[in-house]
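Colleague: my_file28.cif is reproduced below (mmCIF, N, CA and C atoms).
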data_work
loop_
_atom_site.label_atom_id
_atom_site.label_comp_id
_atom_site.auth_asym_id
_atom_site.auth_seq_id
_atom_site.Cartn_x
_atom_site.Cartn_y
_atom_site.Cartn_z
N MET Z 1 -44.65 -7.70 2.37
CA MET Z 1 -44.79 -9.14 2.23
C MET Z 1 -44.42 -9.60 0.81
N THR Z 2 -44.78 -8.79 -0.19
CA THR Z 2 -44.47 -9.15 -1.57
C THR Z 2 -42.97 -9.25 -1.79
N THR Z 3 -42.22 -8.30 -1.25
CA THR Z 3 -40.77 -8.30 -1.43
C THR Z 3 -40.13 -9.51 -0.76
N ILE Z 4 -40.59 -9.85 0.43
CA ILE Z 4 -40.05 -11.02 1.13
C ILE Z 4 -40.36 -12.30 0.36
N CYS Z 5 -41.56 -12.42 -0.13
CA CYS Z 5 -41.95 -13.58 -0.93
C CYS Z 5 -41.13 -13.64 -2.21
N ALA Z 6 -40.95 -12.49 -2.86
CA ALA Z 6 -40.15 -12.43 -4.09
C ALA Z 6 -38.71 -12.86 -3.82
N TYR Z 7 -38.14 -12.37 -2.72
CA TYR Z 7 -36.77 -12.74 -2.36
C TYR Z 7 -36.67 -14.24 -2.08
N ALA Z 8 -37.58 -14.77 -1.29
CA ALA Z 8 -37.52 -16.18 -0.93
C ALA Z 8 -37.64 -17.06 -2.17
N ALA Z 9 -38.55 -16.73 -3.06
CA ALA Z 9 -38.72 -17.51 -4.28
C ALA Z 9 -37.48 -17.42 -5.16
N THR Z 10 -36.93 -16.22 -5.29
CA THR Z 10 -35.73 -16.03 -6.10
C THR Z 10 -34.56 -16.81 -5.52
N LEU Z 11 -34.37 -16.72 -4.22
CA LEU Z 11 -33.29 -17.43 -3.55
C LEU Z 11 -33.39 -18.93 -3.78
N VAL Z 12 -34.56 -19.50 -3.56
CA VAL Z 12 -34.73 -20.95 -3.71
C VAL Z 12 -34.49 -21.39 -5.16
N LEU Z 13 -35.09 -20.67 -6.11
CA LEU Z 13 -34.92 -21.05 -7.52
C LEU Z 13 -33.48 -20.90 -7.98
N PHE Z 14 -32.87 -19.77 -7.63
CA PHE Z 14 -31.48 -19.51 -8.03
C PHE Z 14 -30.54 -20.55 -7.44
N LEU Z 15 -30.65 -20.77 -6.14
CA LEU Z 15 -29.77 -21.70 -5.45
C LEU Z 15 -29.96 -23.13 -5.96
N ALA Z 16 -31.19 -23.57 -6.09
CA ALA Z 16 -31.45 -24.94 -6.54
C ALA Z 16 -30.91 -25.17 -7.94
N ALA Z 17 -31.19 -24.25 -8.86
CA ALA Z 17 -30.72 -24.42 -10.24
C ALA Z 17 -29.20 -24.38 -10.31
N ASP Z 18 -28.58 -23.47 -9.57
CA ASP Z 18 -27.12 -23.37 -9.63
C ASP Z 18 -26.45 -24.59 -8.98
N MET Z 19 -27.06 -25.16 -7.96
CA MET Z 19 -26.50 -26.36 -7.34
C MET Z 19 -26.56 -27.54 -8.30
N VAL Z 20 -27.65 -27.64 -9.06
CA VAL Z 20 -27.74 -28.70 -10.07
C VAL Z 20 -26.66 -28.47 -11.13
N TRP Z 21 -26.53 -27.24 -11.60
CA TRP Z 21 -25.53 -26.92 -12.62
C TRP Z 21 -24.12 -27.23 -12.13
N LEU Z 22 -23.77 -26.71 -10.97
CA LEU Z 22 -22.42 -26.91 -10.45
C LEU Z 22 -22.17 -28.38 -10.11
N GLY Z 23 -23.17 -29.06 -9.58
CA GLY Z 23 -23.02 -30.48 -9.28
C GLY Z 23 -22.79 -31.32 -10.52
N THR Z 24 -23.37 -30.89 -11.62
CA THR Z 24 -23.23 -31.60 -12.89
C THR Z 24 -21.97 -31.19 -13.65
N MET Z 25 -21.66 -29.89 -13.63
CA MET Z 25 -20.63 -29.37 -14.53
C MET Z 25 -19.25 -29.16 -13.92
N THR Z 26 -19.13 -29.14 -12.61
CA THR Z 26 -17.81 -28.88 -12.03
C THR Z 26 -16.80 -29.92 -12.48
N GLY Z 27 -17.12 -31.19 -12.32
CA GLY Z 27 -16.19 -32.23 -12.71
C GLY Z 27 -16.03 -32.38 -14.21
N ARG Z 28 -17.09 -32.12 -14.95
CA ARG Z 28 -17.08 -32.30 -16.40
C ARG Z 28 -16.46 -31.12 -17.14
N PHE Z 29 -16.64 -29.92 -16.61
CA PHE Z 29 -16.26 -28.73 -17.37
C PHE Z 29 -15.29 -27.82 -16.64
N TYR Z 30 -15.63 -27.40 -15.43
CA TYR Z 30 -14.81 -26.41 -14.74
C TYR Z 30 -13.45 -26.98 -14.29
N ARG Z 31 -13.46 -28.15 -13.63
CA ARG Z 31 -12.22 -28.71 -13.11
C ARG Z 31 -11.21 -29.03 -14.23
N PRO Z 32 -11.63 -29.61 -15.37
CA PRO Z 32 -10.65 -29.86 -16.44
C PRO Z 32 -9.99 -28.58 -16.96
N VAL Z 33 -10.71 -27.48 -16.96
CA VAL Z 33 -10.14 -26.23 -17.44
C VAL Z 33 -9.32 -25.55 -16.36
N LEU Z 34 -9.85 -25.50 -15.16
CA LEU Z 34 -9.22 -24.71 -14.09
C LEU Z 34 -8.22 -25.49 -13.24
N GLY Z 35 -8.35 -26.81 -13.21
CA GLY Z 35 -7.39 -27.64 -12.48
C GLY Z 35 -7.21 -27.23 -11.03
N ASP Z 36 -5.96 -26.99 -10.65
CA ASP Z 36 -5.60 -26.68 -9.27
C ASP Z 36 -6.12 -25.32 -8.79
N LEU Z 37 -6.64 -24.53 -9.69
CA LEU Z 37 -7.21 -23.24 -9.29
C LEU Z 37 -8.45 -23.44 -8.41
N LEU Z 38 -9.14 -24.57 -8.62
CA LEU Z 38 -10.34 -24.87 -7.82
C LEU Z 38 -9.94 -25.52 -6.50
N LEU Z 39 -10.62 -25.10 -5.44
CA LEU Z 39 -10.43 -25.75 -4.15
C LEU Z 39 -11.06 -27.13 -4.17
N ALA Z 40 -10.55 -28.04 -3.34
CA ALA Z 40 -11.15 -29.36 -3.23
C ALA Z 40 -12.57 -29.26 -2.68
N LYS Z 41 -12.77 -28.35 -1.73
CA LYS Z 41 -14.09 -28.05 -1.17
C LYS Z 41 -14.27 -26.54 -1.21
N PRO Z 42 -15.48 -26.08 -1.58
CA PRO Z 42 -15.69 -24.63 -1.62
C PRO Z 42 -15.61 -23.99 -0.24
N ASN Z 43 -15.17 -22.74 -0.21
CA ASN Z 43 -15.16 -21.94 1.01
C ASN Z 43 -16.60 -21.47 1.23
N LEU Z 44 -17.25 -21.97 2.25
CA LEU Z 44 -18.69 -21.76 2.41
C LEU Z 44 -19.10 -20.34 2.79
N LEU Z 45 -18.27 -19.60 3.50
CA LEU Z 45 -18.67 -18.24 3.90
C LEU Z 45 -18.85 -17.33 2.69
N PRO Z 46 -17.85 -17.20 1.80
CA PRO Z 46 -18.10 -16.35 0.63
C PRO Z 46 -19.21 -16.89 -0.27
N ALA Z 47 -19.34 -18.21 -0.34
CA ALA Z 47 -20.43 -18.79 -1.13
C ALA Z 47 -21.78 -18.37 -0.55
N ALA Z 48 -21.91 -18.44 0.78
CA ALA Z 48 -23.17 -18.04 1.42
C ALA Z 48 -23.47 -16.57 1.19
N VAL Z 49 -22.45 -15.73 1.28
CA VAL Z 49 -22.64 -14.29 1.04
C VAL Z 49 -23.13 -14.07 -0.40
N PHE Z 50 -22.51 -14.77 -1.35
CA PHE Z 50 -22.94 -14.65 -2.74
C PHE Z 50 -24.39 -15.10 -2.91
N TYR Z 51 -24.71 -16.30 -2.43
CA TYR Z 51 -26.05 -16.85 -2.66
C TYR Z 51 -27.14 -16.10 -1.91
N LEU Z 52 -26.80 -15.42 -0.84
CA LEU Z 52 -27.80 -14.61 -0.14
C LEU Z 52 -27.95 -13.22 -0.75
N SER Z 53 -26.88 -12.70 -1.38
CA SER Z 53 -26.94 -11.34 -1.92
C SER Z 53 -27.35 -11.27 -3.39
N TYR Z 54 -26.92 -12.21 -4.22
CA TYR Z 54 -27.23 -12.13 -5.65
C TYR Z 54 -28.74 -12.07 -5.91
N PRO Z 55 -29.55 -12.88 -5.21
CA PRO Z 55 -31.00 -12.76 -5.43
C PRO Z 55 -31.57 -11.39 -5.10
N VAL Z 56 -30.93 -10.64 -4.22
CA VAL Z 56 -31.39 -9.27 -3.93
C VAL Z 56 -31.34 -8.45 -5.22
N GLY Z 57 -30.25 -8.57 -5.96
CA GLY Z 57 -30.14 -7.85 -7.23
C GLY Z 57 -31.20 -8.28 -8.23
N LEU Z 58 -31.44 -9.58 -8.32
CA LEU Z 58 -32.49 -10.06 -9.22
C LEU Z 58 -33.86 -9.53 -8.81
N VAL Z 59 -34.13 -9.48 -7.52
CA VAL Z 59 -35.41 -8.96 -7.05
C VAL Z 59 -35.54 -7.48 -7.41
N ILE Z 60 -34.50 -6.70 -7.14
CA ILE Z 60 -34.56 -5.26 -7.39
C ILE Z 60 -34.70 -4.96 -8.88
N PHE Z 61 -33.88 -5.61 -9.70
CA PHE Z 61 -33.79 -5.23 -11.11
C PHE Z 61 -34.70 -6.02 -12.05
N ALA Z 62 -35.27 -7.15 -11.60
CA ALA Z 62 -36.08 -7.96 -12.50
C ALA Z 62 -37.42 -8.39 -11.91
N VAL Z 63 -37.41 -8.94 -10.71
CA VAL Z 63 -38.65 -9.49 -10.15
C VAL Z 63 -39.65 -8.39 -9.80
N MET Z 64 -39.22 -7.38 -9.07
CA MET Z 64 -40.15 -6.32 -8.68
C MET Z 64 -40.73 -5.59 -9.90
N PRO Z 65 -39.92 -5.25 -10.91
CA PRO Z 65 -40.54 -4.66 -12.11
C PRO Z 65 -41.57 -5.60 -12.76
N GLY Z 66 -41.29 -6.89 -12.72
CA GLY Z 66 -42.27 -7.85 -13.24
C GLY Z 66 -43.55 -7.85 -12.44
N LEU Z 67 -43.41 -7.78 -11.13
CA LEU Z 67 -44.59 -7.77 -10.26
C LEU Z 67 -45.36 -6.46 -10.33
N ARG Z 68 -44.68 -5.38 -10.68
CA ARG Z 68 -45.34 -4.07 -10.78
C ARG Z 68 -46.10 -3.89 -12.09
N GLY Z 69 -46.20 -4.93 -12.86
CA GLY Z 69 -47.00 -4.82 -14.07
C GLY Z 69 -46.32 -5.29 -15.33
N GLY Z 70 -45.03 -5.52 -15.27
CA GLY Z 70 -44.33 -5.96 -16.47
C GLY Z 70 -44.54 -7.43 -16.78
N GLY Z 71 -44.89 -8.19 -15.76
CA GLY Z 71 -45.17 -9.61 -15.95
C GLY Z 71 -43.93 -10.48 -16.00
N VAL Z 72 -44.18 -11.75 -16.19
CA VAL Z 72 -43.13 -12.76 -16.20
C VAL Z 72 -42.15 -12.54 -17.34
N THR Z 73 -42.64 -12.14 -18.50
CA THR Z 73 -41.75 -11.93 -19.65
C THR Z 73 -40.76 -10.81 -19.37
N GLN Z 74 -41.23 -9.70 -18.83
CA GLN Z 74 -40.32 -8.60 -18.51
C GLN Z 74 -39.31 -9.04 -17.45
N ALA Z 75 -39.76 -9.78 -16.45
CA ALA Z 75 -38.85 -10.27 -15.42
C ALA Z 75 -37.79 -11.18 -16.03
N ALA Z 76 -38.19 -12.02 -16.98
CA ALA Z 76 -37.23 -12.91 -17.64
C ALA Z 76 -36.19 -12.11 -18.42
N ILE Z 77 -36.63 -11.10 -19.13
CA ILE Z 77 -35.70 -10.27 -19.92
C ILE Z 77 -34.72 -9.54 -19.01
N TRP Z 78 -35.24 -8.87 -17.97
CA TRP Z 78 -34.36 -8.13 -17.06
C TRP Z 78 -33.48 -9.08 -16.25
N GLY Z 79 -34.01 -10.24 -15.89
CA GLY Z 79 -33.20 -11.23 -15.19
C GLY Z 79 -32.08 -11.76 -16.07
N ALA Z 80 -32.39 -11.99 -17.34
CA ALA Z 80 -31.37 -12.44 -18.28
C ALA Z 80 -30.28 -11.38 -18.44
N LEU Z 81 -30.68 -10.13 -18.57
CA LEU Z 81 -29.70 -9.06 -18.71
C LEU Z 81 -28.85 -8.89 -17.45
N PHE Z 82 -29.49 -8.98 -16.28
CA PHE Z 82 -28.75 -8.92 -15.02
C PHE Z 82 -27.72 -10.06 -14.97
N GLY Z 83 -28.15 -11.26 -15.31
CA GLY Z 83 -27.24 -12.41 -15.33
C GLY Z 83 -26.13 -12.23 -16.35
N LEU Z 84 -26.48 -11.76 -17.53
CA LEU Z 84 -25.48 -11.53 -18.57
C LEU Z 84 -24.39 -10.58 -18.11
N PHE Z 85 -24.78 -9.43 -17.59
CA PHE Z 85 -23.79 -8.42 -17.22
C PHE Z 85 -22.99 -8.79 -15.98
N THR Z 86 -23.63 -9.40 -15.01
CA THR Z 86 -22.89 -9.77 -13.80
C THR Z 86 -21.94 -10.93 -14.06
N TYR Z 87 -22.40 -11.95 -14.76
CA TYR Z 87 -21.52 -13.07 -15.06
C TYR Z 87 -20.43 -12.66 -16.04
N ALA Z 88 -20.74 -11.79 -16.99
CA ALA Z 88 -19.70 -11.31 -17.93
C ALA Z 88 -18.63 -10.53 -17.18
N THR Z 89 -19.03 -9.73 -16.20
CA THR Z 89 -18.04 -9.00 -15.40
C THR Z 89 -17.08 -9.96 -14.73
N TYR Z 90 -17.63 -10.97 -14.08
CA TYR Z 90 -16.81 -11.97 -13.39
C TYR Z 90 -15.92 -12.74 -14.36
N ASP Z 91 -16.53 -13.28 -15.41
CA ASP Z 91 -15.79 -14.15 -16.32
C ASP Z 91 -14.75 -13.40 -17.15
N LEU Z 92 -15.08 -12.23 -17.64
CA LEU Z 92 -14.11 -11.49 -18.44
C LEU Z 92 -12.96 -10.97 -17.59
N THR Z 93 -13.25 -10.59 -16.35
CA THR Z 93 -12.17 -10.21 -15.44
C THR Z 93 -11.25 -11.39 -15.19
N ASN Z 94 -11.83 -12.55 -14.94
CA ASN Z 94 -11.00 -13.75 -14.74
C ASN Z 94 -10.20 -14.10 -15.99
N GLN Z 95 -10.83 -13.99 -17.14
CA GLN Z 95 -10.12 -14.30 -18.38
C GLN Z 95 -8.96 -13.33 -18.61
N ALA Z 96 -9.14 -12.11 -18.18
CA ALA Z 96 -8.08 -11.11 -18.35
C ALA Z 96 -6.93 -11.28 -17.36
N THR Z 97 -7.18 -11.98 -16.24
CA THR Z 97 -6.18 -12.01 -15.18
C THR Z 97 -5.70 -13.41 -14.77
N LEU Z 98 -6.39 -14.45 -15.17
CA LEU Z 98 -6.02 -15.81 -14.74
C LEU Z 98 -5.49 -16.62 -15.92
N ARG Z 99 -4.43 -17.32 -15.69
CA ARG Z 99 -3.73 -18.06 -16.74
C ARG Z 99 -4.61 -19.11 -17.41
N ASN Z 100 -5.31 -19.93 -16.68
CA ASN Z 100 -6.04 -21.05 -17.26
C ASN Z 100 -7.46 -20.72 -17.72
N TRP Z 101 -7.91 -19.50 -17.53
CA TRP Z 101 -9.28 -19.16 -17.88
C TRP Z 101 -9.40 -19.08 -19.41
N SER Z 102 -10.29 -19.84 -19.98
CA SER Z 102 -10.40 -19.92 -21.45
C SER Z 102 -11.61 -19.14 -21.96
N SER Z 103 -11.58 -18.85 -23.25
CA SER Z 103 -12.72 -18.19 -23.90
C SER Z 103 -13.96 -19.07 -23.82
N MET Z 104 -13.77 -20.38 -23.98
CA MET Z 104 -14.91 -21.30 -23.90
C MET Z 104 -15.54 -21.26 -22.52
N LEU Z 105 -14.72 -21.21 -21.49
CA LEU Z 105 -15.23 -21.12 -20.12
C LEU Z 105 -16.05 -19.84 -19.95
N THR Z 106 -15.54 -18.74 -20.48
CA THR Z 106 -16.27 -17.48 -20.39
C THR Z 106 -17.62 -17.57 -21.10
N VAL Z 107 -17.63 -18.08 -22.30
CA VAL Z 107 -18.86 -18.17 -23.09
C VAL Z 107 -19.90 -19.05 -22.38
N VAL Z 108 -19.47 -20.23 -21.93
CA VAL Z 108 -20.40 -21.15 -21.28
C VAL Z 108 -20.92 -20.57 -19.97
N ASP Z 109 -20.04 -20.00 -19.17
CA ASP Z 109 -20.46 -19.49 -17.87
C ASP Z 109 -21.36 -18.26 -18.01
N VAL Z 110 -21.06 -17.38 -18.96
CA VAL Z 110 -21.92 -16.21 -19.18
C VAL Z 110 -23.29 -16.67 -19.71
N ALA Z 111 -23.29 -17.66 -20.59
CA ALA Z 111 -24.57 -18.19 -21.07
C ALA Z 111 -25.37 -18.76 -19.91
N TRP Z 112 -24.69 -19.51 -19.02
CA TRP Z 112 -25.37 -20.06 -17.86
C TRP Z 112 -25.93 -18.94 -16.96
N GLY Z 113 -25.15 -17.93 -16.69
CA GLY Z 113 -25.62 -16.82 -15.87
C GLY Z 113 -26.83 -16.12 -16.46
N THR Z 114 -26.85 -16.01 -17.77
CA THR Z 114 -27.98 -15.38 -18.47
C THR Z 114 -29.24 -16.22 -18.32
N ILE Z 115 -29.09 -17.51 -18.57
CA ILE Z 115 -30.22 -18.44 -18.43
C ILE Z 115 -30.70 -18.50 -16.99
N LEU Z 116 -29.76 -18.60 -16.07
CA LEU Z 116 -30.10 -18.69 -14.65
C LEU Z 116 -30.83 -17.44 -14.17
N GLY Z 117 -30.36 -16.27 -14.58
CA GLY Z 117 -31.03 -15.03 -14.20
C GLY Z 117 -32.45 -14.97 -14.73
N ALA Z 118 -32.64 -15.36 -15.98
CA ALA Z 118 -33.99 -15.35 -16.57
C ALA Z 118 -34.89 -16.35 -15.86
N PHE Z 119 -34.37 -17.53 -15.60
CA PHE Z 119 -35.16 -18.58 -14.93
C PHE Z 119 -35.58 -18.15 -13.53
N ALA Z 120 -34.62 -17.72 -12.72
CA ALA Z 120 -34.93 -17.38 -11.33
C ALA Z 120 -35.87 -16.18 -11.25
N ALA Z 121 -35.64 -15.17 -12.08
CA ALA Z 121 -36.47 -13.96 -12.03
C ALA Z 121 -37.89 -14.24 -12.52
N SER Z 122 -38.02 -14.95 -13.62
CA SER Z 122 -39.37 -15.21 -14.14
C SER Z 122 -40.13 -16.17 -13.23
N GLY Z 123 -39.44 -17.20 -12.74
CA GLY Z 123 -40.10 -18.13 -11.82
C GLY Z 123 -40.52 -17.47 -10.54
N ALA Z 124 -39.65 -16.63 -9.99
CA ALA Z 124 -39.98 -15.93 -8.74
C ALA Z 124 -41.11 -14.93 -8.96
N THR Z 125 -41.15 -14.29 -10.10
CA THR Z 125 -42.24 -13.37 -10.40
C THR Z 125 -43.56 -14.12 -10.46
N TRP Z 126 -43.55 -15.26 -11.10
CA TRP Z 126 -44.76 -16.07 -11.19
C TRP Z 126 -45.20 -16.53 -9.81
N ILE Z 127 -44.27 -17.07 -9.02
CA ILE Z 127 -44.60 -17.58 -7.68
C ILE Z 127 -45.08 -16.45 -6.77
N ALA Z 128 -44.32 -15.37 -6.70
CA ALA Z 128 -44.70 -14.26 -5.82
C ALA Z 128 -46.02 -13.64 -6.25
N GLY Z 129 -46.24 -13.55 -7.54
CA GLY Z 129 -47.51 -13.02 -8.04
C GLY Z 129 -48.69 -13.87 -7.60
N ARG Z 130 -48.53 -15.17 -7.63
CA ARG Z 130 -49.61 -16.09 -7.21
C ARG Z 130 -49.84 -16.05 -5.69
N LEU Z 131 -48.75 -15.97 -4.94
CA LEU Z 131 -48.86 -16.04 -3.49
C LEU Z 131 -49.31 -14.74 -2.84
N THR Z 132 -49.10 -13.63 -3.51
CA THR Z 132 -49.39 -12.34 -2.88
C THR Z 132 -50.56 -11.59 -3.52
N SER Z 133 -51.18 -12.19 -4.50
CA SER Z 133 -52.31 -11.48 -5.13
C SER Z 133 -53.63 -11.78 -4.45
#
As C-alpha cells, please, write out the structure in this file.
Modeller:
Amino acid sequence: MTTICAYAATLVLFLAADMVWLGTMTGRFYRPVLGDLLLAKPNLLPAAVFYLSYPVGLVIFAVMPGLRGGGVTQAAIWGALFGLFTYATYDLTNQATLRNWSSMLTVVDVAWGTILGAFAASGATWIAGRLTS
C-alpha cells in the first residue's frame, strides 16, 4: 500500500508541476528556441508513457529511501539528483545532435528537472508518510 500511495502522490505532483511549467514556458521559452522542431500539438502516447514511467524512477530512487527513514530531506536530495541526471542526459544529447538546441535551453531545462525531481519526491514522501503511517 505504501508503494502505491508513493507512486500516486509522485505522479500527481510531478504531472501537475510539469503541466504548469510547460503551459507557462512553452510559448515563452521553448518555442522561440526550437521553432518548427516542436509539434503544434504533443503526441499523447509517448507523453503518457513518459508521465506514467518517470515517477516510478523517482519512487524507487528517492521516495522509498525517504520513507524508509531518510525523511523528506533525503528524498529531496535524491529526487534532485535523479532529475539532474535524467534531464541532463536528455538535454545534453539533444544539444549534441540537434541544430537549434542551445546551451541556455540545456541549463534551464536541467535546472527545471532538478527542481521538479526534488519537489515531487519530497512532496510524495511527505504525503505517503502521512497517509500510510
Colleague: Can you work out the spacing between atom N of Val59 of chain Z and atom N of Thr86 of chain Z in Å, to one decimal?
Modeller: 12.9 Å
Colleague: So that I can see what lies close to Gly117 of chain Z, please list as a list in words the residues with an atom at most 7 Å from it, counting all atoms listed in the file and leaving out residues fewer than 4 positions away in the same chain.
Modeller: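 What passes the distance filter is Ala75, Ala76, Trp78, Gly79, Ala80, Leu81, Phe82, Gly83, Leu84, Trp112, Gly113, Ala121 and Ser122 of chain Z.
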Colleague: Can you give me, as JSON, numbers by chain, the residues this file yields under the PyMOL selection byres (((chain Z and resi 54 and name CA) around 12) and name CA)?
Modeller: {"Z": [7, 10, 11, 12, 13, 14, 15, 18, 46, 47, 48, 49, 50, 51, 52, 53, 55, 56, 57, 58, 59, 60, 61, 62, 79, 82, 83, 86, 87, 113, 116, 117, 120, 121]}
Colleague: Quick check, in Å to one decimal: how far apart do atom CA of Val63 of chain Z and atom CA of Arg130 of chain Z lie?
Modeller: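 Atom CA of Val63 of chain Z sits 13.1 Å away from atom CA of Arg130 of chain Z.
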Colleague: How many Å separate atom C of Met19 of chain Z from atom C of Thr132 of chain Z?
Modeller: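 Atom-to-atom, atom C of Met19 of chain Z and atom C of Thr132 of chain Z are spaced 29.2 Å apart.
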Colleague: Might you spell out which residues the PyMOL selection byres ((chain Z and resi 106) around 8) would select in the displayed file, as a ChimeraX atom specification?
Modeller: /Z:87-88,90-92,95,101-105,107-112
Colleague: What would the list of residues within 8 Å of (-11.0, -22.2, -15.3) (file frame) look like as a CSV table (one decimal) with N, CA and C atoms, in the coordinates of the input, if only N, CA and C atoms are what count?
Modeller:
chain,number,residue,atom,x,y,z
Z,29,PHE,N,-16.6,-29.9,-16.6
Z,29,PHE,CA,-16.3,-28.7,-17.4
Z,29,PHE,C,-15.3,-27.8,-16.6
Z,30,TYR,N,-15.6,-27.4,-15.4
Z,30,TYR,CA,-14.8,-26.4,-14.7
Z,30,TYR,C,-13.4,-27.0,-14.3
Z,31,ARG,N,-13.5,-28.2,-13.6
Z,31,ARG,CA,-12.2,-28.7,-13.1
Z,31,ARG,C,-11.2,-29.0,-14.2
Z,32,PRO,N,-11.6,-29.6,-15.4
Z,32,PRO,CA,-10.6,-29.9,-16.4
Z,32,PRO,C,-10.0,-28.6,-17.0
Z,33,VAL,N,-10.7,-27.5,-17.0
Z,33,VAL,CA,-10.1,-26.2,-17.4
Z,33,VAL,C,-9.3,-25.6,-16.4
Z,34,LEU,N,-9.8,-25.5,-15.2
Z,34,LEU,CA,-9.2,-24.7,-14.1
Z,34,LEU,C,-8.2,-25.5,-13.2
Z,35,GLY,N,-8.4,-26.8,-13.2
Z,35,GLY,CA,-7.4,-27.6,-12.5
Z,35,GLY,C,-7.2,-27.2,-11.0
Z,37,LEU,N,-6.6,-24.5,-9.7
Z,37,LEU,CA,-7.2,-23.2,-9.3
Z,37,LEU,C,-8.4,-23.4,-8.4
Z,38,LEU,N,-9.1,-24.6,-8.6
Z,38,LEU,CA,-10.3,-24.9,-7.8
Z,38,LEU,C,-9.9,-25.5,-6.5
Z,98,LEU,N,-6.4,-14.4,-15.2
Z,98,LEU,CA,-6.0,-15.8,-14.7
Z,98,LEU,C,-5.5,-16.6,-15.9
Z,99,ARG,N,-4.4,-17.3,-15.7
Z,99,ARG,CA,-3.7,-18.1,-16.7
Z,99,ARG,C,-4.6,-19.1,-17.4
Z,100,ASN,N,-5.3,-19.9,-16.7
Z,100,ASN,CA,-6.0,-21.0,-17.3
Z,100,ASN,C,-7.5,-20.7,-17.7
Z,101,TRP,N,-7.9,-19.5,-17.5
Z,101,TRP,CA,-9.3,-19.2,-17.9
Z,101,TRP,C,-9.4,-19.1,-19.4
Z,102,SER,N,-10.3,-19.8,-20.0
Z,102,SER,CA,-10.4,-19.9,-21.4
Z,102,SER,C,-11.6,-19.1,-22.0
Z,105,LEU,N,-14.7,-21.2,-21.5
Z,105,LEU,CA,-15.2,-21.1,-20.1
Z,105,LEU,C,-16.0,-19.8,-20.0
Z,106,THR,N,-15.5,-18.7,-20.5
Z,106,THR,CA,-16.3,-17.5,-20.4
Z,106,THR,C,-17.6,-17.6,-21.1
Colleague: When the PyMOL selection byres ((chain Z and resi 5) around 8) is applied to the structure above, which residues does it catch, written out as a count of residues only?
Modeller: 17
Colleague: Could you pull out the alpha helix (DSSP H) residues of chain Z from DSSP and send them as number ranges by chain?
Modeller: Z: 2-25, 31-34, 44-58, 64-65, 71-97, 103-132
Colleague: Rebuild segment 33-44 of chain Z to N, CA, C and O atoms - output it as a PDB file, in the coordinates of the input, please.
Modeller:
ATOM      1  N   VAL Z  33     -10.710 -27.480 -16.960  1.00  0.00           N
ATOM      2  CA  VAL Z  33     -10.140 -26.230 -17.440  1.00  0.00           C
ATOM      3  C   VAL Z  33      -9.320 -25.550 -16.360  1.00  0.00           C
ATOM      4  O   VAL Z  33      -8.204 -25.078 -16.604  1.00  0.00           O
ATOM      5  N   LEU Z  34      -9.850 -25.500 -15.160  1.00  0.00           N
ATOM      6  CA  LEU Z  34      -9.220 -24.710 -14.090  1.00  0.00           C
ATOM      7  C   LEU Z  34      -8.220 -25.490 -13.240  1.00  0.00           C
ATOM      8  O   LEU Z  34      -7.371 -24.893 -12.593  1.00  0.00           O
ATOM      9  N   GLY Z  35      -8.350 -26.810 -13.210  1.00  0.00           N
ATOM     10  CA  GLY Z  35      -7.390 -27.640 -12.480  1.00  0.00           C
ATOM     11  C   GLY Z  35      -7.210 -27.230 -11.030  1.00  0.00           C
ATOM     12  O   GLY Z  35      -8.164 -27.105 -10.274  1.00  0.00           O
ATOM     13  N   ASP Z  36      -5.960 -26.990 -10.650  1.00  0.00           N
ATOM     14  CA  ASP Z  36      -5.600 -26.680  -9.270  1.00  0.00           C
ATOM     15  C   ASP Z  36      -6.120 -25.320  -8.790  1.00  0.00           C
ATOM     16  O   ASP Z  36      -6.033 -25.014  -7.607  1.00  0.00           O
ATOM     17  N   LEU Z  37      -6.640 -24.530  -9.690  1.00  0.00           N
ATOM     18  CA  LEU Z  37      -7.210 -23.240  -9.290  1.00  0.00           C
ATOM     19  C   LEU Z  37      -8.450 -23.440  -8.410  1.00  0.00           C
ATOM     20  O   LEU Z  37      -8.754 -22.609  -7.562  1.00  0.00           O
ATOM     21  N   LEU Z  38      -9.140 -24.570  -8.620  1.00  0.00           N
ATOM     22  CA  LEU Z  38     -10.340 -24.870  -7.820  1.00  0.00           C
ATOM     23  C   LEU Z  38      -9.940 -25.520  -6.500  1.00  0.00           C
ATOM     24  O   LEU Z  38      -9.071 -26.383  -6.467  1.00  0.00           O
ATOM     25  N   LEU Z  39     -10.620 -25.100  -5.440  1.00  0.00           N
ATOM     26  CA  LEU Z  39     -10.430 -25.750  -4.150  1.00  0.00           C
ATOM     27  C   LEU Z  39     -11.060 -27.130  -4.170  1.00  0.00           C
ATOM     28  O   LEU Z  39     -12.019 -27.378  -4.904  1.00  0.00           O
ATOM     29  N   ALA Z  40     -10.550 -28.040  -3.340  1.00  0.00           N
ATOM     30  CA  ALA Z  40     -11.150 -29.360  -3.230  1.00  0.00           C
ATOM     31  C   ALA Z  40     -12.570 -29.260  -2.680  1.00  0.00           C
ATOM     32  O   ALA Z  40     -13.472 -29.969  -3.103  1.00  0.00           O
ATOM     33  N   LYS Z  41     -12.770 -28.350  -1.730  1.00  0.00           N
ATOM     34  CA  LYS Z  41     -14.090 -28.050  -1.170  1.00  0.00           C
ATOM     35  C   LYS Z  41     -14.270 -26.540  -1.210  1.00  0.00           C
ATOM     36  O   LYS Z  41     -13.352 -25.800  -0.890  1.00  0.00           O
ATOM     37  N   PRO Z  42     -15.480 -26.080  -1.580  1.00  0.00           N
ATOM     38  CA  PRO Z  42     -15.690 -24.630  -1.620  1.00  0.00           C
ATOM     39  C   PRO Z  42     -15.610 -23.990  -0.240  1.00  0.00           C
ATOM     40  O   PRO Z  42     -15.933 -24.610   0.764  1.00  0.00           O
ATOM     41  N   ASN Z  43     -15.170 -22.740  -0.210  1.00  0.00           N
ATOM     42  CA  ASN Z  43     -15.160 -21.940   1.010  1.00  0.00           C
ATOM     43  C   ASN Z  43     -16.600 -21.470   1.230  1.00  0.00           C
ATOM     44  O   ASN Z  43     -17.112 -20.647   0.464  1.00  0.00           O
ATOM     45  N   LEU Z  44     -17.250 -21.970   2.250  1.00  0.00           N
ATOM     46  CA  LEU Z  44     -18.690 -21.760   2.410  1.00  0.00           C
ATOM     47  C   LEU Z  44     -19.100 -20.340   2.790  1.00  0.00           C
ATOM     48  O   LEU Z  44     -20.185 -19.903   2.414  1.00  0.00           O
TER      49      LEU Z  44
END
